file upload15.cif (mmCIF, C-alpha atoms and all ligand atoms)
data_start
loop_
_atom_site.label_atom_id
_atom_site.label_comp_id
_atom_site.auth_asym_id
_atom_site.auth_seq_id
_atom_site.Cartn_x
_atom_site.Cartn_y
_atom_site.Cartn_z
CA MET T 1 0.00 0.00 0.00
CA SER T 2 1.50 3.34 -0.99
CA ASN T 3 0.25 6.62 0.36
CA GLN T 4 1.26 10.05 -0.74
CA PHE T 5 1.27 13.00 1.64
CA LEU T 6 2.30 16.60 1.20
CA PHE T 7 3.91 19.06 3.55
CA LEU T 8 2.69 22.51 2.59
CA GLY T 9 2.87 25.98 4.06
CA LEU T 10 4.22 29.45 3.34
CA PRO T 11 8.00 29.96 3.16
CA ALA T 12 9.62 29.56 6.60
CA SER T 13 6.46 28.22 8.23
CA GLY T 14 8.50 25.29 9.62
CA LYS T 15 7.75 22.40 7.23
CA THR T 16 11.22 20.90 6.98
CA ILE T 17 11.89 20.92 10.72
CA CYS T 18 8.48 19.52 11.53
CA PHE T 19 8.79 16.77 8.93
CA CYS T 20 12.27 15.66 9.96
CA THR T 21 11.60 15.64 13.69
CA MET T 22 8.30 13.83 13.16
CA VAL T 23 9.97 11.00 11.24
CA ARG T 24 13.01 10.72 13.52
CA GLU T 25 10.97 10.72 16.73
CA LEU T 26 8.56 8.21 15.28
CA GLN T 27 11.43 5.95 14.33
CA LYS T 28 12.78 6.11 17.90
CA LYS T 29 9.35 5.49 19.37
CA LEU T 30 8.65 2.48 17.15
CA HIS T 31 11.95 0.81 18.15
CA SER T 32 10.25 -0.26 21.33
CA SER T 33 6.91 -1.17 19.78
CA ASN T 34 6.01 -4.78 19.24
CA LYS T 35 3.29 -3.84 16.76
CA PHE T 36 4.96 -1.37 14.40
CA SER T 37 8.38 -0.54 12.99
CA LEU T 38 9.65 2.23 10.76
CA LYS T 39 12.18 1.59 8.00
CA ILE T 40 14.07 4.04 5.84
CA ASP T 41 15.54 2.25 2.80
CA ASP T 42 15.88 5.34 0.69
CA ARG T 43 19.36 6.93 0.98
CA LYS T 44 18.17 10.43 0.13
CA THR T 45 15.56 10.33 2.90
CA ALA T 46 18.00 8.98 5.49
CA ASP T 47 20.60 11.66 4.64
CA PHE T 48 18.02 14.42 4.69
CA ILE T 49 16.79 13.49 8.14
CA ASP T 50 20.31 12.96 9.54
CA GLU T 51 21.41 16.34 8.21
CA CYS T 52 18.44 18.08 9.80
CA GLN T 53 19.08 16.37 13.12
CA GLU T 54 22.78 17.34 13.04
CA ARG T 55 21.89 20.97 12.45
CA LEU T 56 19.46 21.04 15.35
CA LYS T 57 22.05 19.42 17.62
CA GLU T 58 24.38 22.30 16.80
CA GLN T 59 21.50 24.63 17.72
CA ARG T 60 21.29 25.90 14.16
CA TRP T 61 18.24 26.10 11.90
CA VAL T 62 18.04 24.05 8.70
CA ASP T 63 18.59 25.49 5.22
CA LYS T 64 15.53 26.67 3.42
CA THR T 65 14.28 24.14 0.89
CA GLY T 66 15.86 24.98 -2.46
CA PHE T 67 14.49 24.73 -5.96
CA ARG T 68 14.80 21.42 -7.74
CA ASP T 69 12.94 20.36 -10.79
CA GLY T 70 11.59 16.98 -11.74
CA GLU T 71 8.90 14.53 -10.79
CA ASN T 72 10.65 13.24 -7.69
CA ALA T 73 12.05 16.43 -6.28
CA TYR T 74 11.39 16.81 -2.54
CA SER T 75 10.18 13.24 -2.28
CA TYR T 76 11.14 11.43 0.96
CA ILE T 77 10.09 7.86 1.41
CA PHE T 78 9.84 5.52 4.38
CA GLN T 79 7.84 2.48 5.41
CA ILE T 80 5.77 1.81 8.47
CA ILE T 81 5.33 -1.90 8.99
CA GLU T 82 2.45 -3.20 11.05
CA LYS T 83 3.26 -6.64 12.37
CA GLY T 84 0.47 -9.10 11.90
CA LEU T 85 -0.02 -12.68 12.98
CA LEU T 86 2.70 -15.01 11.60
CA TRP T 87 4.02 -13.45 8.39
CA TRP T 88 1.01 -11.25 7.58
CA ASP T 89 2.71 -7.89 7.93
CA THR T 90 1.18 -4.79 6.36
CA THR T 91 3.57 -2.27 4.86
CA TYR T 92 2.55 1.35 4.46
CA SER T 93 4.92 3.07 2.09
CA ILE T 94 4.80 6.75 2.81
CA ASP T 95 5.94 9.33 0.32
CA TYR T 96 6.22 12.77 1.85
CA ARG T 97 6.73 15.82 -0.29
CA ASP T 98 8.42 18.75 1.39
CA TYR T 99 7.96 21.63 -1.06
CA PRO T 100 9.62 25.04 -0.80
CA GLY T 101 7.04 27.54 0.45
CA GLU T 102 7.40 29.62 -2.72
CA VAL T 103 6.00 26.80 -4.86
CA PHE T 104 2.92 26.60 -2.64
CA THR T 105 2.52 30.39 -2.71
CA ALA T 106 2.83 30.47 -6.50
CA ALA T 107 0.15 27.80 -6.86
CA PHE T 108 -2.51 29.71 -4.95
CA SER T 109 -1.64 33.42 -4.93
CA ARG T 110 -3.50 36.28 -6.62
CA PRO T 111 -3.19 36.24 -10.41
CA GLY T 112 -1.31 39.59 -10.37
CA ALA T 113 1.31 38.23 -7.99
CA GLN T 114 2.05 35.34 -10.32
CA SER T 115 3.76 37.61 -12.83
CA GLN T 116 6.61 37.95 -10.31
CA THR T 117 7.07 34.18 -10.22
CA SER T 118 9.74 32.54 -12.35
CA ALA T 119 8.66 30.10 -15.06
CA GLY T 120 10.37 27.24 -13.20
CA THR T 121 8.50 27.95 -9.97
CA GLN T 122 5.23 28.24 -11.84
CA LYS T 123 5.86 24.89 -13.51
CA MET T 124 6.47 23.25 -10.11
CA ALA T 125 3.36 24.98 -8.78
CA ASN T 126 1.33 23.27 -11.50
CA GLN T 127 2.94 19.91 -10.66
CA LEU T 128 2.03 20.52 -7.02
CA LYS T 129 -1.63 21.01 -7.96
CA GLY T 130 -1.56 17.64 -9.71
CA LYS T 131 -0.16 16.09 -6.51
CA ILE T 132 -2.91 17.65 -4.41
CA GLU T 133 -5.51 16.11 -6.72
CA ASN T 134 -4.09 12.64 -6.07
CA CYS T 135 -2.70 12.69 -2.53
CA GLU T 136 -4.23 11.10 0.56
CA GLY T 137 -3.41 13.80 3.02
CA ILE T 138 -1.84 17.20 3.55
CA PHE T 139 0.05 18.55 6.53
CA LEU T 140 -0.43 22.30 6.29
CA LEU T 141 1.94 24.26 8.48
CA MET T 142 0.57 27.46 9.96
CA ASP T 143 3.01 29.85 11.59
CA ALA T 144 1.01 30.78 14.69
CA GLU T 145 3.17 33.78 15.43
CA ASP T 146 2.20 35.30 12.09
CA TRP T 147 -1.47 34.82 12.88
CA PHE T 148 -0.98 36.73 16.11
CA ASN T 149 1.66 39.31 15.41
CA GLY T 150 2.25 39.29 11.66
CA GLN T 151 1.76 42.33 9.46
CA LYS T 152 -1.78 42.83 8.21
CA SER T 153 -0.79 42.68 4.53
CA PHE T 154 1.04 39.41 5.11
CA ARG T 155 -1.91 37.91 6.96
CA MET T 156 -4.39 38.98 4.28
CA ASN T 157 -2.20 37.35 1.68
CA GLN T 158 -2.02 34.19 3.77
CA ILE T 159 -5.82 34.09 4.05
CA TYR T 160 -6.21 34.53 0.29
CA ILE T 161 -3.87 31.59 -0.35
CA LEU T 162 -5.70 29.44 2.21
CA GLU T 163 -9.08 30.17 0.64
CA GLU T 164 -7.76 29.26 -2.81
CA LEU T 165 -6.22 26.03 -1.48
CA PHE T 166 -9.45 25.08 0.30
CA LYS T 167 -11.51 25.74 -2.83
CA PHE T 168 -9.09 23.68 -4.92
CA ILE T 169 -9.35 20.74 -2.50
CA ASN T 170 -13.15 20.97 -2.32
CA GLU T 171 -13.37 20.86 -6.11
CA ASN T 172 -10.66 18.33 -6.92
CA ASN T 173 -10.06 16.00 -3.98
CA PRO T 174 -12.71 16.63 -1.33
CA SER T 175 -12.06 13.42 0.62
CA LEU T 176 -8.39 14.07 1.39
CA LYS T 177 -7.42 14.57 5.01
CA LEU T 178 -6.13 18.01 5.87
CA ALA T 179 -4.18 18.40 9.10
CA LEU T 180 -3.76 22.06 10.05
CA LEU T 181 -0.57 22.24 12.07
CA PHE T 182 -0.21 25.40 14.12
CA ASN T 183 3.42 25.70 15.23
CA LYS T 184 5.81 28.30 16.72
CA ILE T 185 3.25 28.54 19.53
CA GLU T 186 6.04 28.74 22.09
CA LEU T 187 6.57 32.33 20.91
CA LEU T 188 3.04 33.29 21.99
CA PRO T 189 1.54 33.91 25.44
CA LYS T 190 0.55 30.75 27.33
CA ASN T 191 -2.73 29.02 26.42
CA SER T 192 -3.00 30.69 23.03
CA GLU T 193 -4.39 27.60 21.30
CA GLN T 194 -8.02 28.54 21.77
CA THR T 195 -7.37 32.13 20.83
CA LEU T 196 -5.86 30.96 17.55
CA GLN T 197 -8.97 28.98 16.72
CA GLN T 198 -11.13 31.95 17.63
CA ILE T 199 -9.10 34.28 15.43
CA PHE T 200 -9.55 31.90 12.53
CA ARG T 201 -13.29 31.43 13.07
CA ASN T 202 -14.27 35.00 13.94
CA ASP T 203 -11.89 37.15 11.93
CA TYR T 204 -11.80 35.03 8.76
CA PRO T 205 -15.24 33.40 8.56
CA ASN T 206 -15.02 32.97 4.81
CA ALA T 207 -11.79 30.98 4.93
CA TYR T 208 -13.11 29.08 7.92
CA SER T 209 -16.30 28.05 6.13
CA LEU T 210 -14.31 26.80 3.14
CA ARG T 211 -12.31 24.33 5.24
CA PRO T 212 -12.55 20.91 3.56
CA LYS T 213 -14.76 18.45 5.41
CA ASN T 214 -11.87 16.26 6.63
CA THR T 215 -9.94 19.05 8.35
CA LYS T 216 -8.55 18.86 11.86
CA ASP T 217 -6.52 21.36 13.90
CA PHE T 218 -3.35 20.38 15.71
CA PHE T 219 -1.12 22.43 17.99
CA ILE T 220 2.40 21.11 17.77
CA TYR T 221 5.79 21.80 19.32
CA PRO T 222 8.32 20.07 17.05
CA LEU T 223 11.23 21.15 19.26
CA GLY T 224 9.39 21.43 22.55
CA GLY T 225 10.62 25.00 22.94
CA ILE T 226 13.19 27.47 21.73
CA LYS T 227 16.14 29.27 23.24
CA ILE T 228 16.72 33.02 23.13
CA THR T 229 20.37 34.07 23.23
CA GLU T 230 21.69 37.09 25.16
CA LYS T 231 21.59 39.02 21.92
CA GLY T 232 17.91 38.16 21.50
CA LYS T 233 18.37 35.61 18.73
CA VAL T 234 15.94 32.67 18.59
CA ILE T 235 17.77 29.32 18.24
CA PRO T 236 16.82 25.65 18.69
CA PRO T 237 17.02 24.39 22.31
CA GLU T 238 19.97 22.27 23.52
CA THR T 239 17.79 19.18 23.69
CA ILE T 240 14.68 18.87 21.66
CA ARG T 241 11.57 17.51 23.39
CA PRO T 242 8.85 17.42 20.76
CA GLN T 243 5.25 17.58 21.93
CA ASN T 244 2.06 16.53 20.13
CA ILE T 245 3.86 15.70 16.88
CA PHE T 246 2.49 12.15 16.57
CA ASP T 247 -1.13 13.32 16.76
CA PRO T 248 -1.39 14.52 13.14
CA ILE T 249 0.32 11.48 11.61
CA ARG T 250 -1.77 9.11 13.74
CA TRP T 251 -4.93 10.82 12.58
CA ILE T 252 -3.94 10.90 8.91
CA LEU T 253 -2.74 7.28 8.76
CA GLU T 254 -5.42 5.98 11.12
CA LEU T 255 -2.82 3.96 13.00
CA GLU T 256 -2.53 3.62 16.77
CA PHE T 257 1.13 3.78 17.66
N1 LIG P 1 9.71 29.07 17.31
C1 LIG P 1 9.92 28.14 16.38
N2 LIG P 1 10.49 28.49 15.23
C2 LIG P 1 10.68 27.54 14.30
C3 LIG P 1 10.27 26.19 14.49
N3 LIG P 1 10.57 25.48 13.39
C4 LIG P 1 11.10 26.36 12.52
N4 LIG P 1 11.19 27.61 13.08
C5 LIG P 1 11.68 28.84 12.43
O1 LIG P 1 11.22 28.84 11.09
C6 LIG P 1 12.31 28.88 10.18
C7 LIG P 1 11.99 28.05 8.97
O2 LIG P 1 11.92 26.67 9.29
P1 LIG P 1 11.90 25.57 8.12
O3 LIG P 1 11.57 24.27 8.72
O4 LIG P 1 13.14 25.70 7.32
O5 LIG P 1 10.68 26.15 7.27
P2 LIG P 1 10.11 25.68 5.84
O6 LIG P 1 8.64 25.82 5.94
O7 LIG P 1 10.67 24.35 5.49
O8 LIG P 1 10.67 26.83 4.88
P3 LIG P 1 10.94 26.77 3.27
O9 LIG P 1 11.81 25.59 3.01
O10 LIG P 1 11.59 28.09 3.01
O11 LIG P 1 9.60 26.72 2.61
C8 LIG P 1 13.50 28.40 10.98
O12 LIG P 1 14.69 28.91 10.43
C9 LIG P 1 13.20 28.94 12.36
O13 LIG P 1 13.57 30.29 12.44
C10 LIG P 1 9.67 25.85 15.76
O14 LIG P 1 9.30 24.71 16.03
N5 LIG P 1 9.52 26.87 16.66
MG MG P 2 11.83 23.69 3.92
#
call {"tool": "encode", "arguments": {"input": "upload15.cif", "output": "structure tokens"}}
result
Amino acid sequence: MSNQFLFLGLPASGKTICFCTMVRELQKKLHSSNKFSLKIDDRKTADFIDECQERLKEQRWVDKTGFRDGENAYSYIFQIIEKGLLWWDTTYSIDYRDYPGEVFTAAFSRPGAQSQTSAGTQKMANQLKGKIENCEGIFLLMDAEDWFNGQKSFRMNQIYILEELFKFINENNPSLKLALLFNKIELLPKNSEQTLQQIFRNDYPNAYSLRPKNTKDFFIYPLGGIKITEKGKVIPPETIRPQNIFDPIRWILELEF
């Protein structure tokens, strides 16, 4: 069984870090499971996740996802194996696509804004739309700090893109599962989760009403927290302690790990 999932979100919303920590933590967790295991056969995927982990260990952020062309660009593959009775194992082959935020933006931004997009990005944006039509699920990263503190023009643009994405899903693949992942919440006052949902529902009722029917909100902490240096710079913490990051993948795959 092969399932395709996409990691989408605006540039710098935290897709790459969330994806890598989710897979690595899941792999560690499943080591001690007698029901499931996680296997990474694909060299590119293993290197990508190792590299991300090394960067975080050095308390540095990862590089932004660059532009690569071709059918299999940004494709990272691993298997979750569910052990059955005797030899009846079930293998879920999971193909995650971690796109650069600019490709997502180009796919759903205002027509006027598209003239500023390069032909290569626009081509990838069209490929991305084809993937959305055929995928099983989307992890959509939402930078919670932007929702709270971002500039108005930025937020309005974000809402426009969301509405266009929601409409596209409703028209072309209405049964896909959409996990809305609010992250960077550690930068907000405590207990902001409910406020975020209220902002979405009350301030942007149009976008809210367009949410596809299989949408669920998640509040995640891929690193568990952040560190602020004496000079006021935000860096990854010494030890990462992710919170809530298995909830979205459990919901999307319908597996109980
Ligand atoms: N507070 C906080 N900041 C984060 C977190 N994850 C990422 N960031 C910040 O967001 C930036 C972008 O993270 P990435 O994971 O590279 O974002 P991306 O969505 O993959 O970005 P593109 O590849 O440019 O589309 C990082 O350099 C950090 O500054 C997090 O869990 N908490
Ligand atoms: Mg990235």
call {"tool": "residues_near_point", "arguments": {"input": "upload15.cif", "point": "(-5.6, 32.9, 14.9)", "cutoff": "8 Å", "atoms": "only C-alpha atoms", "output": "list in words"}}
result
Ala144, Trp147, Phe148, Thr195, Leu196, Gln197, Gln198, Ile199 and Phe200 of chain T
call {"tool": "atom_distance", "arguments": {"input": "upload15.cif", "atom1": "atom CA of T:Glu163", "atom2": "atom CA of T:Leu210"}}
result
6.7 Å
call {"tool": "residues_near_ligand", "arguments": {"input": "upload15.cif", "ligand": "ligand LIG 1 (chain P)", "cutoff": "9 Å", "atoms": "all atoms listed in the file", "output": "VMD selection string"}}
result
chain T and resid 7 to 20 60 to 66 98 to 104 141 143 145 183 to 187 220 to 227 234 to 236 242
call {"tool": "closest_residue", "arguments": {"input": "upload15.cif", "among": "T:Arg97, T:Phe166, T:Phe78, T:Thr90", "to": "ligand MG 2 (chain P)", "atoms": "all atoms listed in the file"}}
result
T:Arg97
call {"tool": "atom_distance", "arguments": {"input": "upload15.cif", "atom1": "atom CA of T:Asn172", "atom2": "atom CA of T:Arg201"}}
result
24.0 Å
call {"tool": "atom_distance", "arguments": {"input": "upload15.cif", "atom1": "atom CA of T:Leu165", "atom2": "atom CA of T:Ala107"}}
result
8.5 Å
call {"tool": "closest_residue", "arguments": {"input": "upload15.cif", "among": "T:Glu238, T:Glu25, T:Glu193, T:Glu164", "to": "T:Ser109", "atoms": "all atoms listed in the file"}}
result
T:Glu164
call {"tool": "closest_residue", "arguments": {"input": "upload15.cif", "among": "T:Glu82, T:Asp217, T:Asp42, T:Asp50", "to": "T:Asp95", "atoms": "only C-alpha atoms"}}
result
T:Asp42
call {"tool": "closest_residue", "arguments": {"input": "upload15.cif", "among": "T:Tyr92, T:Phe5, T:Phe48, T:Phe36", "to": "ligand MG 2 (chain P)", "atoms": "all atoms listed in the file"}}
result
T:Phe48
call {"tool": "closest_residue", "arguments": {"input": "upload15.cif", "among": "T:Thr229, T:Ser118, T:Thr21, T:Thr105", "to": "T:Gln158", "atoms": "only C-alpha atoms"}}
result
T:Thr105
call {"tool": "residues_around", "arguments": {"input": "upload15.cif", "residues": "stretch 245-250 of chain T", "least_positions_apart": "6", "cutoff": "8 Å", "atoms": "all atoms listed in the file", "output": "PDB file with C-alpha atoms, in the coordinates of the input"}}
result
ATOM      1  CA  MET T  22       8.300  13.830  13.160  1.00  0.00           C
ATOM      2  CA  LEU T  26       8.560   8.210  15.280  1.00  0.00           C
ATOM      3  CA  PHE T 139       0.050  18.550   6.530  1.00  0.00           C
ATOM      4  CA  ALA T 179      -4.180  18.400   9.100  1.00  0.00           C
ATOM      5  CA  LEU T 181      -0.570  22.240  12.070  1.00  0.00           C
ATOM      6  CA  PHE T 218      -3.350  20.380  15.710  1.00  0.00           C
ATOM      7  CA  ILE T 220       2.400  21.110  17.770  1.00  0.00           C
ATOM      8  CA  TYR T 221       5.790  21.800  19.320  1.00  0.00           C
ATOM      9  CA  PRO T 222       8.320  20.070  17.050  1.00  0.00           C
ATOM     10  CA  GLU T 256      -2.530   3.620  16.770  1.00  0.00           C
ATOM     11  CA  PHE T 257       1.130   3.780  17.660  1.00  0.00           C
TER      12      PHE T 257
END
call {"tool": "closest_residue", "arguments": {"input": "upload15.cif", "among": "T:Leu56, T:Ile132, T:Ile161, T:Ile94", "to": "T:Ala106", "atoms": "all atoms listed in the file"}}
result
T:Ile161
call {"tool": "axis_aligned_box", "arguments": {"input": "upload15.cif", "around": "stretch 20-33 of chain T", "padding_each_side": "8 Å", "output": "lines of an AutoDock Vina configuration file"}}
result
center_x = 10.0
center_y = 7.2
center_z = 15.6
size_x = 22.1
size_y = 32.8
size_z = 27.4
